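Okay, data31.pdb now, which holds PDB, C-alpha atoms, pLDDT in the B column:
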```pdb
ATOM      1  CA  MET A  18       0.000   0.000   0.000  1.00 96.00           C
ATOM      2  CA  LYS A  19       1.345   3.404  -0.978  1.00 98.00           C
ATOM      3  CA  LEU A  20       0.537   6.426   1.176  1.00 98.00           C
ATOM      4  CA  LEU A  21       0.996  10.037   0.106  1.00 98.00           C
ATOM      5  CA  HIS A  22       0.878  12.271   3.193  1.00 98.00           C
ATOM      6  CA  LEU A  23       0.692  16.037   2.733  1.00 98.00           C
ATOM      7  CA  ASP A  24       0.836  18.711   5.430  1.00 98.00           C
ATOM      8  CA  SER A  25       0.284  22.366   4.608  1.00 98.00           C
ATOM      9  CA  SER A  26      -0.060  24.197   7.929  1.00 98.00           C
ATOM     10  CA  ILE A  27       2.482  26.957   8.576  1.00 97.00           C
ATOM     11  CA  LEU A  28       2.208  26.492  12.368  1.00 97.00           C
ATOM     12  CA  ALA A  29       4.730  23.650  12.782  1.00 96.00           C
ATOM     13  CA  ASP A  30       4.293  21.913  16.156  1.00 94.00           C
ATOM     14  CA  ASN A  31       1.354  24.184  17.047  1.00 95.00           C
ATOM     15  CA  SER A  32      -0.679  22.854  14.128  1.00 97.00           C
ATOM     16  CA  VAL A  33      -3.817  20.863  14.837  1.00 98.00           C
ATOM     17  CA  THR A  34      -3.976  19.455  11.307  1.00 98.00           C
ATOM     18  CA  ARG A  35      -0.379  18.231  11.543  1.00 98.00           C
ATOM     19  CA  GLU A  36      -1.144  16.498  14.834  1.00 98.00           C
ATOM     20  CA  LEU A  37      -4.263  14.860  13.437  1.00 98.00           C
ATOM     21  CA  SER A  38      -2.844  13.913  10.050  1.00 98.00           C
ATOM     22  CA  ALA A  39      -0.011  12.125  11.885  1.00 98.00           C
ATOM     23  CA  VAL A  40      -2.612  10.188  13.887  1.00 98.00           C
ATOM     24  CA  VAL A  41      -4.329   9.144  10.646  1.00 98.00           C
ATOM     25  CA  ALA A  42      -1.009   8.012   9.158  1.00 98.00           C
ATOM     26  CA  ASN A  43      -0.055   6.070  12.294  1.00 98.00           C
ATOM     27  CA  THR A  44      -3.493   4.438  12.400  1.00 98.00           C
ATOM     28  CA  LEU A  45      -3.065   3.318   8.802  1.00 98.00           C
ATOM     29  CA  ARG A  46       0.357   1.831   9.590  1.00 97.00           C
ATOM     30  CA  GLN A  47      -1.016   0.005  12.619  1.00 96.00           C
ATOM     31  CA  ARG A  48      -3.672  -1.634  10.462  1.00 96.00           C
ATOM     32  CA  HIS A  49      -1.430  -2.459   7.502  1.00 96.00           C
ATOM     33  CA  ALA A  50       2.093  -3.813   7.690  1.00 91.00           C
ATOM     34  CA  ASP A  51       3.105  -2.861   4.156  1.00 95.00           C
ATOM     35  CA  VAL A  52       2.587   0.915   4.059  1.00 97.00           C
ATOM     36  CA  GLU A  53       5.127   2.741   1.887  1.00 98.00           C
ATOM     37  CA  THR A  54       4.973   6.441   2.764  1.00 98.00           C
ATOM     38  CA  THR A  55       5.843   9.512   0.737  1.00 98.00           C
ATOM     39  CA  TYR A  56       5.637  12.605   2.937  1.00 98.00           C
ATOM     40  CA  ARG A  57       5.612  16.202   1.759  1.00 98.00           C
ATOM     41  CA  ASP A  58       5.688  19.173   4.097  1.00 98.00           C
ATOM     42  CA  LEU A  59       4.353  21.826   1.758  1.00 98.00           C
ATOM     43  CA  ALA A  60       5.014  24.626   4.241  1.00 98.00           C
ATOM     44  CA  ALA A  61       8.597  23.729   5.187  1.00 97.00           C
ATOM     45  CA  ASN A  62       9.463  22.821   1.593  1.00 98.00           C
ATOM     46  CA  PRO A  63       7.054  24.865  -0.522  1.00 98.00           C
ATOM     47  CA  ILE A  64       6.384  24.202  -4.169  1.00 98.00           C
ATOM     48  CA  ALA A  65       6.777  27.365  -6.225  1.00 97.00           C
ATOM     49  CA  HIS A  66       3.563  28.958  -7.395  1.00 97.00           C
ATOM     50  CA  LEU A  67       2.994  28.640 -11.112  1.00 96.00           C
ATOM     51  CA  SER A  68       4.586  31.395 -13.165  1.00 97.00           C
ATOM     52  CA  GLY A  69       4.659  32.363 -16.800  1.00 97.00           C
ATOM     53  CA  GLU A  70       8.101  30.828 -17.106  1.00 97.00           C
ATOM     54  CA  ILE A  71       7.064  27.505 -15.589  1.00 97.00           C
ATOM     55  CA  VAL A  72       3.891  27.178 -17.659  1.00 95.00           C
ATOM     56  CA  GLY A  73       5.742  28.438 -20.730  1.00 96.00           C
ATOM     57  CA  ALA A  74       7.643  25.154 -20.938  1.00 95.00           C
ATOM     58  CA  ARG A  75       4.486  23.630 -22.441  1.00 92.00           C
ATOM     59  CA  PHE A  76       4.753  25.879 -25.472  1.00 94.00           C
ATOM     60  CA  VAL A  77       8.419  25.609 -26.422  1.00 95.00           C
ATOM     61  CA  ALA A  78      10.696  22.742 -27.415  1.00 96.00           C
ATOM     62  CA  GLU A  79      12.421  20.999 -24.512  1.00 96.00           C
ATOM     63  CA  ALA A  80      15.779  21.875 -26.040  1.00 97.00           C
ATOM     64  CA  ASP A  81      14.930  25.539 -25.472  1.00 97.00           C
ATOM     65  CA  TRP A  82      13.889  25.211 -21.835  1.00 97.00           C
ATOM     66  CA  THR A  83      15.506  27.405 -19.215  1.00 97.00           C
ATOM     67  CA  ALA A  84      17.135  25.848 -16.166  1.00 97.00           C
ATOM     68  CA  THR A  85      14.021  26.735 -14.152  1.00 97.00           C
ATOM     69  CA  GLN A  86      11.752  25.119 -16.709  1.00 97.00           C
ATOM     70  CA  ARG A  87      13.818  21.944 -16.631  1.00 98.00           C
ATOM     71  CA  SER A  88      13.813  21.629 -12.850  1.00 98.00           C
ATOM     72  CA  GLU A  89      10.161  22.581 -12.457  1.00 98.00           C
ATOM     73  CA  SER A  90       9.031  20.217 -15.235  1.00 97.00           C
ATOM     74  CA  ALA A  91      10.880  17.388 -13.499  1.00 97.00           C
ATOM     75  CA  LEU A  92       9.157  18.330 -10.241  1.00 98.00           C
ATOM     76  CA  ASN A  93       5.780  18.389 -11.997  1.00 97.00           C
ATOM     77  CA  ASP A  94       6.325  14.835 -13.221  1.00 97.00           C
ATOM     78  CA  GLN A  95       7.418  13.669  -9.770  1.00 98.00           C
ATOM     79  CA  LEU A  96       4.400  15.194  -8.029  1.00 98.00           C
ATOM     80  CA  ILE A  97       1.966  13.733 -10.561  1.00 98.00           C
ATOM     81  CA  GLU A  98       3.566  10.294 -10.340  1.00 98.00           C
ATOM     82  CA  GLU A  99       3.374  10.369  -6.522  1.00 98.00           C
ATOM     83  CA  PHE A 100      -0.290  11.306  -6.682  1.00 98.00           C
ATOM     84  CA  ILE A 101      -1.210   8.675  -9.252  1.00 98.00           C
ATOM     85  CA  ALA A 102       0.736   5.925  -7.465  1.00 98.00           C
ATOM     86  CA  ALA A 103      -0.795   6.542  -4.041  1.00 98.00           C
ATOM     87  CA  ASP A 104      -3.485   4.185  -2.785  1.00 98.00           C
ATOM     88  CA  VAL A 105      -4.241   6.486   0.137  1.00 98.00           C
ATOM     89  CA  LEU A 106      -3.794  10.237   0.339  1.00 98.00           C
ATOM     90  CA  ILE A 107      -3.817  12.129   3.642  1.00 98.00           C
ATOM     91  CA  ILE A 108      -4.145  15.896   3.295  1.00 98.00           C
ATOM     92  CA  GLY A 109      -3.638  18.157   6.295  1.00 98.00           C
ATOM     93  CA  ALA A 110      -5.542  21.276   5.260  1.00 98.00           C
ATOM     94  CA  PRO A 111      -6.246  24.099   7.703  1.00 97.00           C
ATOM     95  CA  MET A 112      -8.625  26.900   6.786  1.00 95.00           C
ATOM     96  CA  TYR A 113      -6.881  30.209   6.201  1.00 96.00           C
ATOM     97  CA  ASN A 114      -9.203  33.135   5.525  1.00 92.00           C
ATOM     98  CA  PHE A 115     -12.007  30.777   4.477  1.00 89.00           C
ATOM     99  CA  SER A 116      -9.844  28.823   2.019  1.00 95.00           C
ATOM    100  CA  ILE A 117      -6.785  26.564   1.915  1.00 97.00           C
ATOM    101  CA  PRO A 118      -3.122  27.502   2.405  1.00 97.00           C
ATOM    102  CA  SER A 119      -1.535  28.784  -0.789  1.00 97.00           C
ATOM    103  CA  GLN A 120       1.145  26.111  -0.361  1.00 98.00           C
ATOM    104  CA  LEU A 121      -1.499  23.418  -0.821  1.00 98.00           C
ATOM    105  CA  LYS A 122      -2.949  25.268  -3.798  1.00 98.00           C
ATOM    106  CA  SER A 123       0.511  25.147  -5.409  1.00 98.00           C
ATOM    107  CA  TRP A 124       0.511  21.358  -5.095  1.00 98.00           C
ATOM    108  CA  ILE A 125      -2.967  21.167  -6.629  1.00 98.00           C
ATOM    109  CA  ASP A 126      -1.879  23.355  -9.539  1.00 98.00           C
ATOM    110  CA  ARG A 127       0.972  20.931 -10.264  1.00 98.00           C
ATOM    111  CA  VAL A 128      -1.081  17.715 -10.177  1.00 98.00           C
ATOM    112  CA  ALA A 129      -4.284  18.925 -11.853  1.00 97.00           C
ATOM    113  CA  VAL A 130      -2.994  18.648 -15.416  1.00 96.00           C
ATOM    114  CA  ALA A 131      -5.033  17.959 -18.548  1.00 95.00           C
ATOM    115  CA  GLY A 132      -4.004  14.709 -20.166  1.00 95.00           C
ATOM    116  CA  ARG A 133      -2.378  13.409 -16.984  1.00 96.00           C
ATOM    117  CA  THR A 134      -4.951  13.500 -14.201  1.00 98.00           C
ATOM    118  CA  PHE A 135      -8.036  14.614 -16.135  1.00 98.00           C
ATOM    119  CA  LYS A 136      -9.180  15.038 -19.713  1.00 97.00           C
ATOM    120  CA  TYR A 137     -11.978  16.702 -21.613  1.00 95.00           C
ATOM    121  CA  SER A 138     -14.390  14.532 -23.558  1.00 95.00           C
ATOM    122  CA  GLU A 139     -17.453  15.245 -25.681  1.00 94.00           C
ATOM    123  CA  ASN A 140     -19.497  14.929 -22.501  1.00 93.00           C
ATOM    124  CA  GLY A 141     -17.269  17.126 -20.366  1.00 94.00           C
ATOM    125  CA  PRO A 142     -14.305  16.564 -18.052  1.00 95.00           C
ATOM    126  CA  VAL A 143     -13.265  13.064 -17.021  1.00 97.00           C
ATOM    127  CA  GLY A 144     -11.076  12.341 -13.983  1.00 97.00           C
ATOM    128  CA  LEU A 145      -8.183   9.998 -14.679  1.00 97.00           C
ATOM    129  CA  VAL A 146      -7.204   9.146 -11.090  1.00 97.00           C
ATOM    130  CA  PRO A 147      -9.912   6.827  -9.669  1.00 93.00           C
ATOM    131  CA  ASN A 148      -9.642   4.064  -7.054  1.00 91.00           C
ATOM    132  CA  LYS A 149      -7.940   6.160  -4.417  1.00 96.00           C
ATOM    133  CA  LYS A 150      -8.950   6.924  -0.835  1.00 97.00           C
ATOM    134  CA  VAL A 151      -8.443  10.397   0.608  1.00 98.00           C
ATOM    135  CA  VAL A 152      -8.594  11.439   4.241  1.00 98.00           C
ATOM    136  CA  LEU A 153      -8.938  15.197   4.427  1.00 98.00           C
ATOM    137  CA  VAL A 154      -7.847  16.529   7.819  1.00 98.00           C
ATOM    138  CA  SER A 155      -9.540  19.886   8.228  1.00 97.00           C
ATOM    139  CA  GLY A 156      -8.760  22.465  10.901  1.00 96.00           C
ATOM    140  CA  ARG A 157     -10.774  25.641  11.490  1.00 94.00           C
ATOM    141  CA  GLY A 158     -10.459  28.403  14.028  1.00 91.00           C
ATOM    142  CA  GLY A 159     -14.208  29.021  13.910  1.00 88.00           C
ATOM    143  CA  VAL A 160     -17.248  26.909  13.104  1.00 87.00           C
ATOM    144  CA  HIS A 161     -18.201  26.433   9.458  1.00 83.00           C
ATOM    145  CA  SER A 162     -20.066  23.130   9.424  1.00 81.00           C
ATOM    146  CA  GLY A 163     -23.475  24.706  10.040  1.00 72.00           C
ATOM    147  CA  GLU A 164     -25.700  26.166   7.358  1.00 66.00           C
ATOM    148  CA  GLN A 165     -24.607  29.744   7.999  1.00 62.00           C
ATOM    149  CA  GLY A 166     -20.925  28.947   8.454  1.00 63.00           C
ATOM    150  CA  SER A 167     -20.806  26.797   5.330  1.00 70.00           C
ATOM    151  CA  LEU A 168     -21.482  29.888   3.228  1.00 71.00           C
ATOM    152  CA  MET A 169     -17.905  30.937   3.989  1.00 76.00           C
ATOM    153  CA  ASP A 170     -16.359  27.505   3.370  1.00 81.00           C
ATOM    154  CA  PHE A 171     -14.020  27.604   0.397  1.00 90.00           C
ATOM    155  CA  GLN A 172     -11.741  25.009   1.998  1.00 93.00           C
ATOM    156  CA  GLU A 173     -13.332  21.572   2.348  1.00 94.00           C
ATOM    157  CA  ASP A 174     -15.829  22.112  -0.451  1.00 93.00           C
ATOM    158  CA  PHE A 175     -13.068  23.248  -2.809  1.00 95.00           C
ATOM    159  CA  LEU A 176     -10.845  20.261  -2.031  1.00 97.00           C
ATOM    160  CA  VAL A 177     -13.658  17.724  -2.400  1.00 97.00           C
ATOM    161  CA  LYS A 178     -14.668  19.214  -5.753  1.00 96.00           C
ATOM    162  CA  VAL A 179     -11.090  19.360  -7.087  1.00 97.00           C
ATOM    163  CA  LEU A 180     -10.432  15.760  -6.068  1.00 98.00           C
ATOM    164  CA  GLY A 181     -13.715  14.696  -7.637  1.00 97.00           C
ATOM    165  CA  PHE A 182     -12.759  16.499 -10.844  1.00 97.00           C
ATOM    166  CA  LEU A 183      -9.633  14.320 -10.940  1.00 98.00           C
ATOM    167  CA  GLY A 184     -11.682  11.165 -10.386  1.00 97.00           C
ATOM    168  CA  VAL A 185     -11.213  10.756  -6.630  1.00 97.00           C
ATOM    169  CA  THR A 186     -14.602  10.291  -4.990  1.00 95.00           C
ATOM    170  CA  ASP A 187     -13.745   8.293  -1.851  1.00 97.00           C
ATOM    171  CA  VAL A 188     -13.061  11.229   0.471  1.00 97.00           C
ATOM    172  CA  GLU A 189     -13.524  11.182   4.234  1.00 97.00           C
ATOM    173  CA  ILE A 190     -13.220  14.365   6.269  1.00 97.00           C
ATOM    174  CA  VAL A 191     -11.791  14.537   9.791  1.00 98.00           C
ATOM    175  CA  ARG A 192     -12.704  17.961  11.086  1.00 96.00           C
ATOM    176  CA  ALA A 193     -11.498  19.973  14.081  1.00 97.00           C
ATOM    177  CA  GLU A 194     -13.472  23.200  14.458  1.00 95.00           C
ATOM    178  CA  ALA A 195     -13.554  26.041  16.978  1.00 91.00           C
ATOM    179  CA  ILE A 196      -9.861  25.565  17.703  1.00 94.00           C
ATOM    180  CA  GLY A 197      -9.409  29.329  17.944  1.00 93.00           C
ATOM    181  CA  MET A 198     -12.304  29.772  20.360  1.00 95.00           C
ATOM    182  CA  GLY A 199     -10.523  28.976  23.607  1.00 96.00           C
ATOM    183  CA  PRO A 200      -8.425  26.100  25.016  1.00 96.00           C
ATOM    184  CA  ASP A 201     -11.418  24.037  26.165  1.00 97.00           C
ATOM    185  CA  LYS A 202     -13.097  24.040  22.765  1.00 95.00           C
ATOM    186  CA  ARG A 203      -9.755  23.339  21.095  1.00 96.00           C
ATOM    187  CA  ALA A 204      -9.107  20.326  23.333  1.00 97.00           C
ATOM    188  CA  THR A 205     -12.640  19.006  22.854  1.00 97.00           C
ATOM    189  CA  SER A 206     -12.445  19.360  19.090  1.00 96.00           C
ATOM    190  CA  ILE A 207      -9.114  17.533  18.898  1.00 97.00           C
ATOM    191  CA  HIS A 208     -10.465  14.748  21.122  1.00 97.00           C
ATOM    192  CA  LEU A 209     -13.558  14.302  18.949  1.00 97.00           C
ATOM    193  CA  ALA A 210     -11.427  14.313  15.791  1.00 97.00           C
ATOM    194  CA  LYS A 211      -9.219  11.545  17.198  1.00 98.00           C
ATOM    195  CA  GLU A 212     -12.313   9.511  18.013  1.00 97.00           C
ATOM    196  CA  ALA A 213     -13.454   9.982  14.407  1.00 97.00           C
ATOM    197  CA  ILE A 214     -10.048   8.829  13.125  1.00 98.00           C
ATOM    198  CA  ALA A 215     -10.344   5.602  15.100  1.00 97.00           C
ATOM    199  CA  LYS A 216     -13.588   4.869  13.245  1.00 96.00           C
ATOM    200  CA  LEU A 217     -12.217   5.544   9.752  1.00 97.00           C
ATOM    201  CA  ALA A 218     -12.376   2.770   7.197  1.00 93.00           C
ATOM    202  CA  LEU A 219      -8.679   2.625   6.372  1.00 92.00           C
TER
END
```

Is it possible to give me this structure as C-alpha cells?
Amino acid sequence: MKLLHLDSSILADNSVTRELSAVVANTLRQRHADVETTYRDLAANPIAHLSGEIVGARFVAEADWTATQRSESALNDQLIEEFIAADVLIIGAPMYNFSIPSQLKSWIDRVAVAGRTFKYSENGPVGLVPNKKVVLVSGRGGVHSGEQGSLMDFQEDFLVKVLGFLGVTDVEIVRAEAIGMGPDKRATSIHLAKEAIAKLAL
C-alpha cells in the first residue's frame, strides 16, 4: 500500500492538522504492515507557485527550456507520479481566511494537469485518477459546518470538488473546528477528531 501524506499548515508543532494527520497516518500503519509512505511538508518545503516561465515550458521545445523550466518540469512529473501511485492520500488542510493555504494550492496546480490527471471529452471533463482513498484533515479556528458557516467555506468544499474532478470520490473528512475559540473548545475538538479517526475505514 502506498501512502501520500501532505501537510500544509504553517504552524509547525502548534498545528492541529499536523497532529491529526499524523494520527491518521499512524493508524493506517497500525492496520497495515506494508505501508510505503511519501511525505511532503508543503510549508517547510514549498512548491513554487505557477509562473509564466514555468507554464511556458508547455509551449516551447524541450531543447529551449531554461534551467528553471527543466527543474520545475521534473518536479511536476514527480508530483503527478506520486499522486497517481498513491493508494491512500492524507491531506492536512487548515482553513486560512475561508480557504486553503496557498502552499497546498501550489501542489494542486501541479497535479491537476489535462491529459495526466483529467481530460476533456465530448461529454465534459473526465477524472483519470480513480480508485484512491483520501482522508482530508480539516482544521478551522471558527465553526463552518453549520448552514450559515458553510457559506464561507471555500476550503473543504473546494478540495472535495477538485479531487472529484480528478476522479477521486472516496473522500472522508476529519474535522477539528472552533480551535481558535478557547483552550477548552480546542481540546474538545481535537479529542472528537481523534475519536473519528479511530472509526475511519482505512

(Q) Going by the chain IDs and residue numbers used in this file, which residues fall under the PyMOL selection byres ((chain A and resi 143) around 12)? Write them as a PyMOL selection string. (A) chain A and resi 129-142+144-147+179-185

Just C-alpha atoms for this one: save the residues we selected as a PDB file, in the frame of the given file.
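Result written to out.pdb:
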```pdb
ATOM      1  CA  ALA A 129      -4.284  18.925 -11.853  1.00 97.00           C
ATOM      2  CA  VAL A 130      -2.994  18.648 -15.416  1.00 96.00           C
ATOM      3  CA  ALA A 131      -5.033  17.959 -18.548  1.00 95.00           C
ATOM      4  CA  GLY A 132      -4.004  14.709 -20.166  1.00 95.00           C
ATOM      5  CA  ARG A 133      -2.378  13.409 -16.984  1.00 96.00           C
ATOM      6  CA  THR A 134      -4.951  13.500 -14.201  1.00 98.00           C
ATOM      7  CA  PHE A 135      -8.036  14.614 -16.135  1.00 98.00           C
ATOM      8  CA  LYS A 136      -9.180  15.038 -19.713  1.00 97.00           C
ATOM      9  CA  TYR A 137     -11.978  16.702 -21.613  1.00 95.00           C
ATOM     10  CA  SER A 138     -14.390  14.532 -23.558  1.00 95.00           C
ATOM     11  CA  GLU A 139     -17.453  15.245 -25.681  1.00 94.00           C
ATOM     12  CA  ASN A 140     -19.497  14.929 -22.501  1.00 93.00           C
ATOM     13  CA  GLY A 141     -17.269  17.126 -20.366  1.00 94.00           C
ATOM     14  CA  PRO A 142     -14.305  16.564 -18.052  1.00 95.00           C
ATOM     15  CA  GLY A 144     -11.076  12.341 -13.983  1.00 97.00           C
ATOM     16  CA  LEU A 145      -8.183   9.998 -14.679  1.00 97.00           C
ATOM     17  CA  VAL A 146      -7.204   9.146 -11.090  1.00 97.00           C
ATOM     18  CA  PRO A 147      -9.912   6.827  -9.669  1.00 93.00           C
ATOM     19  CA  VAL A 179     -11.090  19.360  -7.087  1.00 97.00           C
ATOM     20  CA  LEU A 180     -10.432  15.760  -6.068  1.00 98.00           C
ATOM     21  CA  GLY A 181     -13.715  14.696  -7.637  1.00 97.00           C
ATOM     22  CA  PHE A 182     -12.759  16.499 -10.844  1.00 97.00           C
ATOM     23  CA  LEU A 183      -9.633  14.320 -10.940  1.00 98.00           C
ATOM     24  CA  GLY A 184     -11.682  11.165 -10.386  1.00 97.00           C
ATOM     25  CA  VAL A 185     -11.213  10.756  -6.630  1.00 97.00           C
TER      26      VAL A 185
END
```

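Every polymer residue reaching to within 10 Å of (0.7, 23.0, -0.2), counting only C-alpha atoms, appears in this list: Leu23, Asp24, Ser25, Ser26, Ile27, Arg57, Asp58, Leu59, Ala60, Ala61, Asn62, Pro63, Ile64, Ala65, His66, Ile108, Gly109, Ala110, Ile117, Pro118, Ser119, Gln120, Leu121, Lys122, Ser123, Trp124, Ile125 and Asp126 of chain A.
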
Q: Just say which residues the PyMOL selection byres ((chain A and resi 154-163) around 7) picks in this file, as a PyMOL selection string.
A: chain A and resi 33-34+37-38+108-112+152-153+164-167+170+190-198

Q: Choose the residue, out of A:Lys19, A:Arg127, A:Tyr56, A:Arg48, that has the smallest atom-to-atom separation from Ile71 (chain A); count all atoms listed in the file.
A: A:Arg127

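Among the candidates A:Met18, A:Ala78, A:Ala39, A:Ala29, the residue lying nearest to Lys211 (chain A) is A:Ala39 (atoms considered: all atoms listed in the file).
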
**Q.** Using all atoms listed in the file: which of A:His49, A:Arg35, A:His22, A:His208 has the shortest distance to Leu106 (chain A)
**A.**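 Ranking A:His49, A:Arg35, A:His22, A:His208 by distance to Leu106 (chain A), first place goes to A:His22.
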
Q: Quote the spacing between CA of Thr186 (chain A) and CA of Ser206 (chain A) in Å to one decimal place.
A: 25.8 Å

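Put simply, CA of Val151 (chain A) is 6.3 Å away from CA of Glu189 (chain A).
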
Q | 12 Å contact set for Trp82 (chain A), only C-alpha atoms, chain neighbours under 6 positions out, as JSON, numbers by chain | A | {"A": [70, 71, 72, 73, 74, 75, 76, 88, 89, 90, 91]}

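Minimum distance to Val105 (chain A) across A:Val177, A:Val128, A:Leu168, A:Leu219 (counting only C-alpha atoms) occurs at A:Leu219.
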
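CA of Asp174 (chain A) lies 22.7 Å from CA of Leu20 (chain A).
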
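Counting all atoms listed in the file and comparing A:Leu217, A:Ala210, A:Met169, A:Ala102, the residue that lies closest to Val188 (chain A) is A:Leu217.
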
With 8 Å added on each side, what axis-aligned box encloses every listed atom of region 140-157 of chain A? Give the centre and edge lengths in Å to one decimal, as AutoDock Vina command-line options.
```
--center_x -13.4 --center_y 14.9 --center_z -5.5 --size_x 28.3 --size_y 37.6 --size_z 50.0
```

Is it possible to add N, CA, C and O atoms to region 154-170 of chain A and hand it back as a short mmCIF file (atom, residue, chain, number, x, y, z; two decimals), in the frame of the given file?
```cif
data_model
loop_
_atom_site.label_atom_id
_atom_site.label_comp_id
_atom_site.auth_asym_id
_atom_site.auth_seq_id
_atom_site.Cartn_x
_atom_site.Cartn_y
_atom_site.Cartn_z
N VAL A 154 -7.90 16.08 6.43
CA VAL A 154 -7.85 16.53 7.82
C VAL A 154 -8.00 18.04 7.83
O VAL A 154 -7.11 18.77 7.39
N SER A 155 -9.15 18.48 8.30
CA SER A 155 -9.54 19.89 8.23
C SER A 155 -9.46 20.54 9.59
O SER A 155 -9.98 20.00 10.57
N GLY A 156 -8.82 21.69 9.67
CA GLY A 156 -8.76 22.46 10.90
C GLY A 156 -9.32 23.86 10.68
O GLY A 156 -9.02 24.50 9.66
N ARG A 157 -10.14 24.33 11.64
CA ARG A 157 -10.77 25.64 11.49
C ARG A 157 -10.79 26.37 12.84
O ARG A 157 -11.15 25.77 13.85
N GLY A 158 -10.43 27.62 12.81
CA GLY A 158 -10.46 28.40 14.03
C GLY A 158 -11.86 28.65 14.52
O GLY A 158 -12.13 28.72 15.72
N GLY A 159 -12.80 28.81 13.58
CA GLY A 159 -14.21 29.02 13.91
C GLY A 159 -15.03 27.80 13.59
O GLY A 159 -14.51 26.69 13.50
N VAL A 160 -16.32 28.00 13.41
CA VAL A 160 -17.25 26.91 13.10
C VAL A 160 -17.89 27.18 11.75
O VAL A 160 -18.54 28.21 11.56
N HIS A 161 -17.69 26.25 10.82
CA HIS A 161 -18.20 26.43 9.46
C HIS A 161 -18.99 25.24 8.96
O HIS A 161 -19.32 25.16 7.77
N SER A 162 -19.33 24.31 9.85
CA SER A 162 -20.07 23.13 9.42
C SER A 162 -21.57 23.37 9.39
O SER A 162 -22.29 22.61 8.75
N GLY A 163 -22.05 24.40 10.06
CA GLY A 163 -23.48 24.71 10.04
C GLY A 163 -23.89 25.39 8.76
O GLY A 163 -23.06 25.76 7.93
N GLU A 164 -25.18 25.57 8.60
CA GLU A 164 -25.70 26.17 7.36
C GLU A 164 -25.14 27.56 7.12
O GLU A 164 -24.73 27.90 6.02
N GLN A 165 -25.11 28.39 8.16
CA GLN A 165 -24.61 29.74 8.00
C GLN A 165 -23.10 29.76 7.78
O GLN A 165 -22.59 30.42 6.88
N GLY A 166 -22.38 28.98 8.57
CA GLY A 166 -20.92 28.95 8.45
C GLY A 166 -20.45 28.38 7.14
O GLY A 166 -19.41 28.77 6.62
N SER A 167 -21.22 27.44 6.58
CA SER A 167 -20.81 26.80 5.33
C SER A 167 -20.78 27.77 4.16
O SER A 167 -20.14 27.51 3.15
N LEU A 168 -21.48 28.89 4.30
CA LEU A 168 -21.48 29.89 3.23
C LEU A 168 -20.09 30.50 3.03
O LEU A 168 -19.80 31.02 1.96
N MET A 169 -19.26 30.39 4.06
CA MET A 169 -17.90 30.94 3.99
C MET A 169 -16.86 29.83 3.88
O MET A 169 -15.68 30.05 4.13
N ASP A 170 -17.28 28.63 3.49
CA ASP A 170 -16.36 27.50 3.37
C ASP A 170 -15.88 27.35 1.92
O ASP A 170 -16.61 26.86 1.08
#
```
